[in-house]
Amino acid sequence: MSIIPQLIVNSIIAGAIYTLVALGFNLIYSTTKFFNLAHGAMAVVGGYVVFSLTRQLDFSLWLSIPVAILVAGVIGVLSDLLLFRKLRERKASSMILLVASLGLFTAIQAMIAILFTSQFQTLTTGASISTVYDVFGGAITQTQVVILATGLLIMAGIGLMLKYTKLGKAIQAVGDDEEVAKIVGIDTNKVIAIVFFIGSAIAGVAGLLVGFDTGLEPTMGLALLLKGIVAAIVGGVGSLYGGVLGAFLLGFVENFGIWHLSGEWKDAIAFVLLILFLIFRPQGIVKK
Amino acid sequence: MSNGTKTLLAIIVILILVWIGYAIVKSSPGEAPTTATSTEALKIGVILPLTGDAATYGEPGRNLFALALDEVNAAGGVNGQMLEFIYEDGKCNGPVAASAAQKLVAIDKVQIIIGGFCSSESLASIPVAESAKVAMFSPGSSSPDLTGRSMYFFRNYPSDASQGKILAEAAFNDKKWKTVAMLQEQTDFALGIRKVFETRFVELGGKIITEEFPSTASDFRSQLSKLRAAKPDALFLSLQTFAPTEKILKQLSDQKWAPNLLLSDVATSEELRTSRASQLEGALTAEFNTDPSNPKFSQMTSAYKAKYGVDVPYQGYAQTEYDAVYMVRDGLLAVGNSGEKFAAWGRTIKDWPGASGVITIGPDGDRAAGHVVKVIKAGKLENYSAVSATATSSPVVQ
Amino acid sequence: MEYLIHLAILFSIYAILGVGLNLVVGYTGLLSVTHAAFYGIGAYATAILSTVYDLNFFVTMLVGVVISGVVSLLIGLVLSRFDGDYYALAALGFNIIVYSIFLNWQSVTRGPLGIPGIDRPDFVSANWAFLIMSALFLIAIYYLAQYLGKSSFGRVLKAIREDERAIQVFGYQTHYYKLMIFVIGAMMAAVAGSIFAAYITFIDPSTFTLNESIFLLAIIILGGLANNKGAILGALFLILLPEMLRFVGFPTDIAAQMRQVVYGLLLVFLMLYRPQGLMGEYEL
């Protein structure tokens with residue numbers, strides 16, 4: 001069955017993309033305990049900053065990418081400083097935060113559409129064929145390998161940071177119990193702001209990598225985010241490694257699912273998976 | 001709720017109502033259909049997708065309408081009266097287009113609407129036009145559902161029925177392809193083409209495998225793998241939106257699969273053809289026949305280039321849009337500004353010479369002519385020879 | 001005038017949707033982001049039954065309401081196990097699944113081709129007559145919602161919203177109450193769907209997407225949760241807004257996006273400064 005290797009590769013590619021989104025999302029969720037829908041917008045920002053710098057202002061790629069990641073991170077921090085922190089101070093419920101983040105997401109996405117038009121854009125110029133590797137009969141492009149490698153690197157990096165650095169421990173403390181962390185002397189607001197920066201920067205990376213692999217559209221944020229959330233929940237929300245596991249599980253289920261069903265049910269399959277997990281194992285694969 | 005809030009609310013609601021009322025009053029002069037003798041411009045409604053996924057068709061569409069309008073007005077309009085277009089955004093969406101039609105009919109009081117462009121726009125707007133006795137004339141809607149749908153509707157763009165059919169015949173009879181895999185976008189347009197292709201291809205003795213996807217999808221890898229595993233002789237991409245088309249072609253080349261390709265007329269987009277020239281080499285597509293040797297056609301393309309600085313995209317639609325404006329003028333000259341009369345006149349059009357060839361509209365409101373198979377060579381569309389004519393009705397204007 | 005009638009009909013449809021959703025979200029505090037699915041079920045029921053089987057409009061509406069009730073019962077059974085954010089996500093998932101069904105089950109719904117030529121009952125073929133009919137439905141549903149809110153059933157719901165644990169201690173089966181109101185809200189949405197189908201006479205899946213559900217949520221959050229008048233007000237405002245923008249003369253290529261920016265910022269500012277909405281008595 002010559003299709004299986006390619007399906008496996010496809011699953012891994014999809015899983016890698018979802019991983020990037022889930023990582024940032026989980027980080028923010030574990031400290032702030034709300035579903036930040038604006039996270040999806042950070043990914044779009046990352047992609048479009050690279051686009052605007054390389055295509056419109058002719059900067060080099062090596063400069064544009066770090067700038068884009070920085071910008072995504074900064075916008076993430078701003079969203080915290082200007083909006084979420086204020087709501088947190090008023091002890092707003094997580095639903096209010098959810099709705100506020102939805103509003104922010106909508107507004108940012110629409111502003112990007114105004115600035116860059118809704119037309120589809122690619123980050124690679126024209127149809128330049130990127131190198132394609134053959135893996136046991138499945139084809140994977142260089143960009144996709146980069147996505148996979150980046151995802152795993154970031155996961156490792158964050159894992160190490162959380163375990164071995166002072167900041168990492170502070171993040172975990174805030175995640176466990178914000179009140180206690182404050183009492184112990186941790187500046188929770190600062191920690192949360194940093195988390196927003198890192199999480200949003202990761203989302204920016206996700207966005208620009210997807211831009212290279214598939215292309216950019218202002219509406220790409222929601223789809224990416226939803227899949228990332230499914231991955232995070234299925235894997236165990238708040239857990240770093242869980243998010244990665246969930247992402248790859250989702251990738252596999254989606255791609256093998258359409259092997260026997262028709263491809264048009266792909267989205268439905270992803271959400272059936274989510275709902276099944278919510279019913280039978282709501283804490284996800286990896287308990288936190 | 002406090003009294004302060006109540007008052008605030010009341011004020012807001014009143015302001016809104018006043019605003020709308022003012023807008024309505026401001027834009028409603030003439031009532032009954034006028035004969036073309038007043039010096040005020042005659043208003044014609046236009047519905048097309050100015051935003052949304054189909055805006056890639058709508059924006060050049062508006063440019064074309066504006067171009068043709070200028071020409072018509074420069075030539076004296078209709079008996080000296082200038083024409084004016086009122087553009088409304090249909091967003092390629094039924095209810096939105098119906099609202100747009102409602103506004104054009106009730107507030108701008110037009111008697112003729114050029115539109116919709118997408119079939120869903122037309123289908124939803126027709127009831128509105130009908131009840132107001134306003135004529136709708138589409139230069140782009142191709143759904144077979146529109147054939148004979150209403151006495152107030154006709155179109156100078158042919159139904160999908162012809163596009164799918166000739167591609168099936170070319171694929172089976174000429175290319176001898178027995179199994180075709182289809183990847184189809186879930187829009188009315190793409191589905192319509194696929195259905196016709198499938199029916200005809202199977203009728204001729206071929207086999208079809210299909211995968212469908214919603215317009216918002218971006219990961220086609222596994223569907224392509226699945227279709228590839230079926231070892232088809234060719235791959236037919238029945239698509240409408242530009243973004244998925246681009247993604248599919250890229251993912252196709254990522255997987256190192258280069259099958260024989262058939263495409264819906266989304267491939268008539270110049271941007272797509274030039275950016276993917278080598279991948280699309282030899283691919284078959286259908287276009288509502290364009291004939292560069294037709295003087296009106298070449299005049300249109302050069303005028304567009306002169307005014308807008310770029311080549312006119314989607315020539316198959318451009319020619320019918322351009323013709324539509326002139327046909328409206330001719331109709332107005334013939335029967336005056338009456339929706340009912342214009343719609344009836346539309347069905348009497350016979351052998352009208354346009355940029356899109358010779359136009360005849362049948363009693364069912366459809367254009368009696370069809371698509372022609374084209375092949376992509378070096379990024380350009382060329383006529384495809386050796387199309388076996390199995391009872392097609394297309395007068396091929398060479 | 002015709003145009004105002006047209007707007008009024010659209011408004012009444014959205015007001016019905018708003019009131020129905022308000023019952024669910026406002027009284028239980030759960031973000032049900034799946035309302036568009038039931039809207040769609042009502043619309044498709046009317047569309048299919050009137051085009052294929054030529055049934056009377058009210059019969060089709062009844063069928064739509066029943067189907068919507070059954071489907072919402074099943075979905076609600078699953079949803080009522082969840083709380084807060086998980087509820088919202090699961091609801092979202094259901095919306096996407098139902099939308100997929102509308103799009104893919106082509107033998108029944110004709111998928112993206114949509115269903116044209118839906119009958120409008122003869123006695124309301126004039127728009128003003130149609131408006132009267134839809135207004136009557138709106139009034140009926142409004143009073144039904146008011147009654148439910150003030151009844152003991154409604155009081156239990158409010159108590160659940162404030163503190164579910166406490167109510168469970170008293171022996172109330174909270175699952176049952178949450179489920180009941182969810183089903184009622186879904187049936188109201190189906191009514192709106194039938195009216196919509198008969199008015200526009202053409203439907204396709206694109207009206208019943210997740211975005212629509214989010215839009216409905218914005219309506220009731222703006223208007224104020226748990227307040228039926230608020231839901232109606234929210235619908236009025238959000239229907240009029242795009243129409244007003246039509247006249248403002250934004251360059252058409254950014255008009256739609258500007259509207260999205262406005263919606264988004266509106267939600268943000270509401271959450272910041274007036275989370276209970278214009279007339280609400282309850283914040284999320």
# chains A, B, ... in the order shown; residues from 1 in each chain; ligands from 1

$ closest_atom_pairs --of "chain C" --to "chain B" --cutoff "9 Å" --atoms "only C-alpha atoms" --output "tab-separated table"
residue	atom	partner	partner_atom	distance
C:Met1	CA	B:Ala106	CA	7.2
C:Glu2	CA	B:Ala106	CA	5.6
C:Tyr3	CA	B:Ala106	CA	5.5
C:Leu4	CA	B:Ile20	CA	8.6
C:His6	CA	B:Gln102	CA	7.4
C:Leu7	CA	B:Ser99	CA	8.4
C:Ser100	CA	B:Pro214	CA	8.7
C:Leu103	CA	B:Gln186	CA	7.6
C:Asn104	CA	B:Gln186	CA	8.4
C:Gly111	CA	B:Gln186	CA	7.5
C:Pro112	CA	B:Thr187	CA	4.9
C:Leu113	CA	B:Asp188	CA	4.2
C:Gly114	CA	B:Asp188	CA	7.5
C:Pro116	CA	B:Leu123	CA	6.5
C:Gly117	CA	B:Leu123	CA	8.2
C:Ser125	CA	B:Ser131	CA	8.9
C:Ala126	CA	B:Ser131	CA	8.5
C:Ile200	CA	B:Ala124	CA	6.4
C:Thr201	CA	B:Ala124	CA	6.8
C:Phe202	CA	B:Ala124	CA	5.4
C:Ile203	CA	B:Gly94	CA	7.1
C:Asp204	CA	B:Gly94	CA	7.6
C:Ser206	CA	B:Asn93	CA	7.6
C:Thr207	CA	B:Pro95	CA	8.1
C:Leu233	CA	B:Val13	CA	8.9
C:Leu236	CA	B:Val13	CA	8.6
C:Phe237	CA	B:Val13	CA	8.0
C:Leu240	CA	B:Ile16	CA	7.6
C:Leu241	CA	B:Ile16	CA	8.8
C:Glu243	CA	B:Ile20	CA	8.4
C:Met244	CA	B:Ile20	CA	6.9
C:Arg246	CA	B:Glu88	CA	8.8
C:Phe247	CA	B:Ala23	CA	7.1
C:Thr252	CA	B:Leu50	CA	7.0
C:Asp253	CA	B:Thr51	CA	6.0
C:Ile254	CA	B:Thr51	CA	7.9
C:Ala255	CA	B:Thr51	CA	8.5
C:Ala256	CA	B:Thr51	CA	7.1
C:Gln257	CA	B:Thr51	CA	8.9
C:Leu278	CA	B:Thr5	CA	7.9
C:Met279	CA	B:Met1	CA	6.6
C:Gly280	CA	B:Met1	CA	8.3
C:Glu281	CA	B:Met1	CA	8.4

$ residues_around --residues "Ile195 in chain C" --least-positions-apart "6" --cutoff "8 Å" --atoms "only C-alpha atoms" --output "mmCIF file with N, CA, C and O atoms, in the first residue's frame"
data_model
loop_
_atom_site.group_PDB
_atom_site.id
_atom_site.type_symbol
_atom_site.label_atom_id
_atom_site.label_comp_id
_atom_site.auth_asym_id
_atom_site.auth_seq_id
_atom_site.Cartn_x
_atom_site.Cartn_y
_atom_site.Cartn_z
ATOM 1 N N ILE C 13 -35.997 38.354 12.375
ATOM 2 C CA ILE C 13 -35.389 37.021 12.371
ATOM 3 C C ILE C 13 -34.238 36.969 13.368
ATOM 4 O O ILE C 13 -34.137 36.047 14.182
ATOM 5 N N ALA C 43 -34.046 26.135 8.790
ATOM 6 C CA ALA C 43 -34.061 26.629 7.418
ATOM 7 C C ALA C 43 -34.078 25.484 6.415
ATOM 8 O O ALA C 43 -34.843 25.483 5.449
ATOM 9 N N SER C 134 -43.755 37.693 10.591
ATOM 10 C CA SER C 134 -42.528 37.450 11.367
ATOM 11 C C SER C 134 -42.553 38.251 12.666
ATOM 12 O O SER C 134 -42.052 37.787 13.692
#

$ closest_atom_pairs --of "chain A" --to "chain B" --cutoff "6 Å" --atoms "only C-alpha atoms" --output "Markdown table"
| residue | atom | partner | partner_atom | distance |
| --- | --- | --- | --- | --- |
| A:Ile3 | CA | B:Ala229 | CA | 6.0 |
| A:Leu7 | CA | B:Ser222 | CA | 5.9 |
| A:Phe120 | CA | B:Ala243 | CA | 5.4 |
| A:Gly126 | CA | B:Ser275 | CA | 5.4 |
| A:Ala139 | CA | B:Gln255 | CA | 5.2 |
| A:Asn255 | CA | B:Ser222 | CA | 5.8 |
| A:Gly263 | CA | B:Gln223 | CA | 5.9 |
| A:Glu264 | CA | B:Phe213 | CA | 4.5 |

$ closest_atom_pairs --of "chain A" --to "chain C" --cutoff "9 Å" --atoms "only C-alpha atoms" --output "tab-separated table"
residue	atom	partner	partner_atom	distance
A:Phe34	CA	C:Asp85	CA	7.7
A:Phe35	CA	C:Asp85	CA	7.2
A:Leu83	CA	C:Leu272	CA	7.6
A:Lys86	CA	C:Leu272	CA	7.8
A:Leu87	CA	C:Leu272	CA	6.7
A:Ala92	CA	C:Leu284	CA	8.4
A:Ser93	CA	C:Leu284	CA	6.8
A:Ser94	CA	C:Asp85	CA	7.6
A:Met95	CA	C:Leu284	CA	6.0
A:Ile96	CA	C:Leu284	CA	5.8
A:Leu97	CA	C:Met271	CA	7.8
A:Leu98	CA	C:Asp85	CA	8.1
A:Val99	CA	C:Leu267	CA	7.0
A:Ala100	CA	C:Val268	CA	4.7
A:Ser101	CA	C:Val268	CA	7.4
A:Leu102	CA	C:Gly264	CA	7.3
A:Gly103	CA	C:Gly264	CA	3.8
A:Leu104	CA	C:Gly264	CA	5.7
A:Phe105	CA	C:Gly264	CA	7.2
A:Thr106	CA	C:Gly264	CA	4.9
A:Ala107	CA	C:Val261	CA	4.2
A:Ile108	CA	C:Val261	CA	7.3
A:Gln109	CA	C:Val261	CA	8.1
A:Ala110	CA	C:Gln257	CA	5.1
A:Met111	CA	C:Val261	CA	6.7
A:Ala113	CA	C:Gln257	CA	6.8
A:Ile114	CA	C:Ile254	CA	6.0
A:Thr117	CA	C:Ile254	CA	8.4
A:Ile229	CA	C:Leu89	CA	8.8
A:Val230	CA	C:Leu89	CA	8.8
A:Glu264	CA	C:Asn104	CA	7.0
A:Trp265	CA	C:Ser100	CA	6.7
A:Asp267	CA	C:Ile96	CA	7.3
A:Ala268	CA	C:Ile97	CA	4.7
A:Ile269	CA	C:Ile97	CA	8.1
A:Ala270	CA	C:Gly93	CA	8.6
A:Phe271	CA	C:Gly93	CA	5.1
A:Val272	CA	C:Gly93	CA	7.3
A:Leu274	CA	C:Ala90	CA	7.5
A:Ile275	CA	C:Ala90	CA	6.0
A:Leu278	CA	C:Ala90	CA	7.8
A:Ile279	CA	C:Val78	CA	7.4
A:Pro282	CA	C:Tyr86	CA	8.9

$ atom_distance --atom1 "CA of Thr214 in chain A" --atom2 "CA of Thr122 in chain A"
7.3 Å

$ atom_distance --atom1 "CA of Leu136 in chain C" --atom2 "CA of Val191 in chain C"
11.9 Å

$ select_by_dssp --residues "range 104-206 of chain A" --states "alpha helix (DSSP H)" --output "number ranges by chain"
A: 104-116, 142-164, 166-176, 178-184, 188-206

$ write_last_selection --atoms "C-alpha atoms" --output "mmCIF file, in the first residue's frame"
data_model
loop_
_atom_site.group_PDB
_atom_site.id
_atom_site.type_symbol
_atom_site.label_atom_id
_atom_site.label_comp_id
_atom_site.auth_asym_id
_atom_site.auth_seq_id
_atom_site.Cartn_x
_atom_site.Cartn_y
_atom_site.Cartn_z
ATOM 1 C CA LEU A 104 -9.381 41.402 19.866
ATOM 2 C CA PHE A 105 -8.802 38.556 17.433
ATOM 3 C CA THR A 106 -11.551 39.796 15.121
ATOM 4 C CA ALA A 107 -10.264 43.336 15.179
ATOM 5 C CA ILE A 108 -6.634 42.413 14.525
ATOM 6 C CA GLN A 109 -7.526 40.042 11.730
ATOM 7 C CA ALA A 110 -9.671 42.660 10.030
ATOM 8 C CA MET A 111 -6.956 45.297 10.351
ATOM 9 C CA ILE A 112 -4.476 42.982 8.694
ATOM 10 C CA ALA A 113 -6.980 42.415 5.908
ATOM 11 C CA ILE A 114 -7.281 46.149 5.433
ATOM 12 C CA LEU A 115 -3.526 46.681 5.389
ATOM 13 C CA PHE A 116 -2.668 43.778 3.170
ATOM 14 C CA GLN A 142 12.566 21.324 3.242
ATOM 15 C CA THR A 143 10.192 23.879 4.721
ATOM 16 C CA GLN A 144 8.194 21.131 6.334
ATOM 17 C CA VAL A 145 11.299 19.631 7.856
ATOM 18 C CA VAL A 146 12.124 23.048 9.254
ATOM 19 C CA ILE A 147 8.669 23.243 10.790
ATOM 20 C CA LEU A 148 9.133 19.886 12.442
ATOM 21 C CA ALA A 149 12.586 20.716 13.712
ATOM 22 C CA THR A 150 11.492 24.109 15.007
ATOM 23 C CA GLY A 151 8.563 22.633 16.845
ATOM 24 C CA LEU A 152 10.680 20.059 18.589
ATOM 25 C CA LEU A 153 13.413 22.576 19.380
ATOM 26 C CA ILE A 154 10.987 25.035 20.889
ATOM 27 C CA MET A 155 9.379 22.325 22.922
ATOM 28 C CA ALA A 156 12.753 21.261 24.247
ATOM 29 C CA GLY A 157 13.782 24.832 24.863
ATOM 30 C CA ILE A 158 10.715 25.686 26.848
ATOM 31 C CA GLY A 159 10.864 22.436 28.725
ATOM 32 C CA LEU A 160 14.412 23.186 29.773
ATOM 33 C CA MET A 161 13.579 26.749 30.662
ATOM 34 C CA LEU A 162 10.673 25.728 32.813
ATOM 35 C CA LYS A 163 12.719 23.213 34.688
ATOM 36 C CA TYR A 164 16.055 24.840 35.132
ATOM 37 C CA LYS A 166 14.415 30.861 37.788
ATOM 38 C CA LEU A 167 11.939 32.328 35.343
ATOM 39 C CA GLY A 168 10.725 28.890 34.474
ATOM 40 C CA LYS A 169 10.066 28.061 38.076
ATOM 41 C CA ALA A 170 8.289 31.337 38.562
ATOM 42 C CA ILE A 171 6.089 30.544 35.574
ATOM 43 C CA GLN A 172 5.194 27.208 37.014
ATOM 44 C CA ALA A 173 4.455 28.787 40.367
ATOM 45 C CA VAL A 174 2.095 31.294 38.836
ATOM 46 C CA GLY A 175 0.486 28.487 36.923
ATOM 47 C CA ASP A 176 -0.069 26.434 40.022
ATOM 48 C CA GLU A 178 -1.392 32.865 41.273
ATOM 49 C CA GLU A 179 -2.330 34.048 44.733
ATOM 50 C CA VAL A 180 0.279 31.954 46.471
ATOM 51 C CA ALA A 181 2.885 33.045 43.971
ATOM 52 C CA LYS A 182 2.161 36.645 44.810
ATOM 53 C CA ILE A 183 2.452 35.962 48.475
ATOM 54 C CA VAL A 184 5.785 34.293 47.979
ATOM 55 C CA THR A 188 3.024 37.750 38.827
ATOM 56 C CA ASN A 189 2.126 40.532 36.424
ATOM 57 C CA LYS A 190 5.655 40.641 35.102
ATOM 58 C CA VAL A 191 5.831 36.880 34.766
ATOM 59 C CA ILE A 192 2.549 36.809 32.902
ATOM 60 C CA ALA A 193 3.687 39.558 30.587
ATOM 61 C CA ILE A 194 6.813 37.587 29.787
ATOM 62 C CA VAL A 195 4.743 34.497 29.161
ATOM 63 C CA PHE A 196 2.580 36.448 26.741
ATOM 64 C CA PHE A 197 5.683 37.596 24.953
ATOM 65 C CA ILE A 198 7.138 34.130 24.583
ATOM 66 C CA GLY A 199 3.832 32.501 23.727
ATOM 67 C CA SER A 200 2.942 35.099 21.126
ATOM 68 C CA ALA A 201 6.414 34.977 19.647
ATOM 69 C CA ILE A 202 6.027 31.233 19.185
ATOM 70 C CA ALA A 203 2.696 31.863 17.503
ATOM 71 C CA GLY A 204 4.453 34.312 15.230
ATOM 72 C CA VAL A 205 6.929 31.594 14.300
ATOM 73 C CA ALA A 206 4.035 29.280 13.546
#

$ select_by_dssp --residues "range 198-365 of chain B" --states "strand (DSSP E or B)" --output "MDAnalysis selection string"
chainID B and resid 207:213 234:238 260:263 284:288 352:354 357:359 361

$ write_last_selection --atoms "N, CA, C and O atoms" --output "compact mmCIF listing (two decimals), in the first residue's frame"
# COMPACT_ATOMS: atom_id res chain seq x y z
N LYS B 207 -14.33 6.25 -15.68
CA LYS B 207 -14.52 6.05 -14.24
C LYS B 207 -14.03 7.29 -13.50
O LYS B 207 -13.02 7.89 -13.89
N ILE B 208 -14.74 7.63 -12.44
CA ILE B 208 -14.36 8.85 -11.69
C ILE B 208 -14.17 8.53 -10.22
O ILE B 208 -14.96 7.78 -9.63
N ILE B 209 -13.13 9.12 -9.61
CA ILE B 209 -13.05 9.09 -8.14
C ILE B 209 -12.99 10.55 -7.70
O ILE B 209 -12.26 11.34 -8.29
N THR B 210 -13.72 10.87 -6.65
CA THR B 210 -13.77 12.28 -6.26
C THR B 210 -13.40 12.52 -4.81
O THR B 210 -13.70 11.71 -3.94
N GLU B 211 -12.75 13.63 -4.57
CA GLU B 211 -12.57 14.13 -3.20
C GLU B 211 -13.05 15.57 -3.20
O GLU B 211 -12.77 16.33 -4.13
N GLU B 212 -13.81 15.94 -2.17
CA GLU B 212 -14.28 17.32 -2.10
C GLU B 212 -13.68 18.02 -0.89
O GLU B 212 -13.23 17.38 0.05
N PHE B 213 -13.69 19.33 -0.91
CA PHE B 213 -13.19 20.07 0.24
C PHE B 213 -13.90 21.42 0.33
O PHE B 213 -14.31 21.97 -0.68
N ALA B 234 -5.66 10.92 -15.15
CA ALA B 234 -5.55 12.37 -15.10
C ALA B 234 -6.18 12.89 -13.81
O ALA B 234 -6.95 12.18 -13.16
N LEU B 235 -5.86 14.11 -13.45
CA LEU B 235 -6.43 14.74 -12.27
C LEU B 235 -7.19 15.98 -12.71
O LEU B 235 -6.65 16.84 -13.39
N PHE B 236 -8.43 16.06 -12.32
CA PHE B 236 -9.26 17.21 -12.68
C PHE B 236 -9.44 18.07 -11.44
O PHE B 236 -9.92 17.59 -10.43
N LEU B 237 -9.02 19.31 -11.53
CA LEU B 237 -9.20 20.23 -10.41
C LEU B 237 -10.38 21.14 -10.70
O LEU B 237 -10.27 22.05 -11.51
N SER B 238 -11.50 20.85 -10.04
CA SER B 238 -12.68 21.70 -10.25
C SER B 238 -12.71 22.73 -9.11
O SER B 238 -13.15 22.44 -8.02
N ASN B 260 -1.45 14.17 -15.53
CA ASN B 260 -2.10 14.97 -16.56
C ASN B 260 -3.16 15.81 -15.85
O ASN B 260 -3.88 15.31 -15.00
N LEU B 261 -3.24 17.06 -16.22
CA LEU B 261 -4.14 17.94 -15.49
C LEU B 261 -5.30 18.45 -16.32
O LEU B 261 -5.14 18.78 -17.49
N LEU B 262 -6.45 18.49 -15.67
CA LEU B 262 -7.60 19.18 -16.24
C LEU B 262 -8.01 20.21 -15.20
O LEU B 262 -8.00 19.93 -14.01
N LEU B 263 -8.39 21.39 -15.67
CA LEU B 263 -8.80 22.40 -14.69
C LEU B 263 -10.07 23.09 -15.13
O LEU B 263 -10.33 23.25 -16.31
N LEU B 284 -5.28 20.80 -19.63
CA LEU B 284 -6.47 21.18 -20.37
C LEU B 284 -7.40 22.00 -19.49
O LEU B 284 -7.57 21.69 -18.32
N THR B 285 -7.98 23.00 -20.06
CA THR B 285 -9.00 23.73 -19.33
C THR B 285 -10.06 24.16 -20.32
O THR B 285 -9.93 23.92 -21.52
N ALA B 286 -11.10 24.77 -19.81
CA ALA B 286 -12.13 25.23 -20.72
C ALA B 286 -12.29 26.71 -20.54
O ALA B 286 -12.13 27.23 -19.44
N GLU B 287 -12.56 27.38 -21.59
CA GLU B 287 -12.82 28.78 -21.44
C GLU B 287 -14.03 29.08 -22.28
O GLU B 287 -14.23 28.50 -23.34
N PHE B 288 -14.80 29.96 -21.77
CA PHE B 288 -15.86 30.46 -22.60
C PHE B 288 -15.13 31.19 -23.71
O PHE B 288 -14.40 32.13 -23.46
N TRP B 352 -26.44 38.92 -31.87
CA TRP B 352 -25.93 40.24 -31.49
C TRP B 352 -24.41 40.17 -31.44
O TRP B 352 -23.86 39.33 -30.74
N PRO B 353 -23.74 41.03 -32.17
CA PRO B 353 -22.27 40.91 -32.23
C PRO B 353 -21.59 41.54 -31.02
O PRO B 353 -21.74 42.74 -30.79
N GLY B 354 -20.87 40.75 -30.29
CA GLY B 354 -20.24 41.30 -29.11
C GLY B 354 -18.77 40.91 -29.05
O GLY B 354 -18.26 40.19 -29.89
N GLY B 357 -18.26 37.26 -28.98
CA GLY B 357 -18.75 36.49 -30.11
C GLY B 357 -20.18 36.88 -30.45
O GLY B 357 -20.67 37.93 -30.04
N VAL B 358 -20.81 36.01 -31.18
CA VAL B 358 -22.18 36.31 -31.61
C VAL B 358 -23.15 35.76 -30.58
O VAL B 358 -23.10 34.59 -30.22
N ILE B 359 -24.00 36.61 -30.07
CA ILE B 359 -24.84 36.23 -28.93
C ILE B 359 -26.28 36.01 -29.35
O ILE B 359 -26.89 36.86 -29.99
N ILE B 361 -29.81 34.75 -27.28
CA ILE B 361 -30.39 34.33 -26.01
C ILE B 361 -31.66 33.55 -26.29
O ILE B 361 -32.51 34.00 -27.07

$ atom_distance --atom1 "CA of Leu238 in chain C" --atom2 "CA of Leu225 in chain C"
15.4 Å

$ residues_around --residues "range 44-61 of chain C" --least-positions-apart "3" --cutoff "6 Å" --atoms "only C-alpha atoms" --output "PyMOL selection string"
chain C and resi 40-41+64+118+194

$ residues_around --residues "Met187 in chain C" --least-positions-apart "6" --cutoff "7 Å" --atoms "only C-alpha atoms" --output "CSV table (one decimal) with all heavy atoms, in the first residue's frame"
chain,number,residue,atom,x,y,z
C,65,VAL,N,-38.8,22.5,13.8
C,65,VAL,CA,-38.7,22.7,15.3
C,65,VAL,C,-38.5,21.3,15.9
C,65,VAL,O,-37.7,21.2,16.9
C,65,VAL,CB,-40.0,23.4,15.8
C,65,VAL,CG1,-40.1,23.3,17.3
C,65,VAL,CG2,-40.0,24.9,15.4
C,68,SER,N,-35.0,20.0,15.2
C,68,SER,CA,-34.1,20.8,16.0
C,68,SER,C,-34.1,20.4,17.4
C,68,SER,O,-33.1,20.3,18.1
C,68,SER,CB,-34.5,22.3,15.8
C,68,SER,OG,-33.5,23.1,16.3
C,69,GLY,N,-35.3,20.2,17.9
C,69,GLY,CA,-35.4,19.8,19.3
C,69,GLY,C,-34.7,18.5,19.6
C,69,GLY,O,-34.0,18.3,20.6
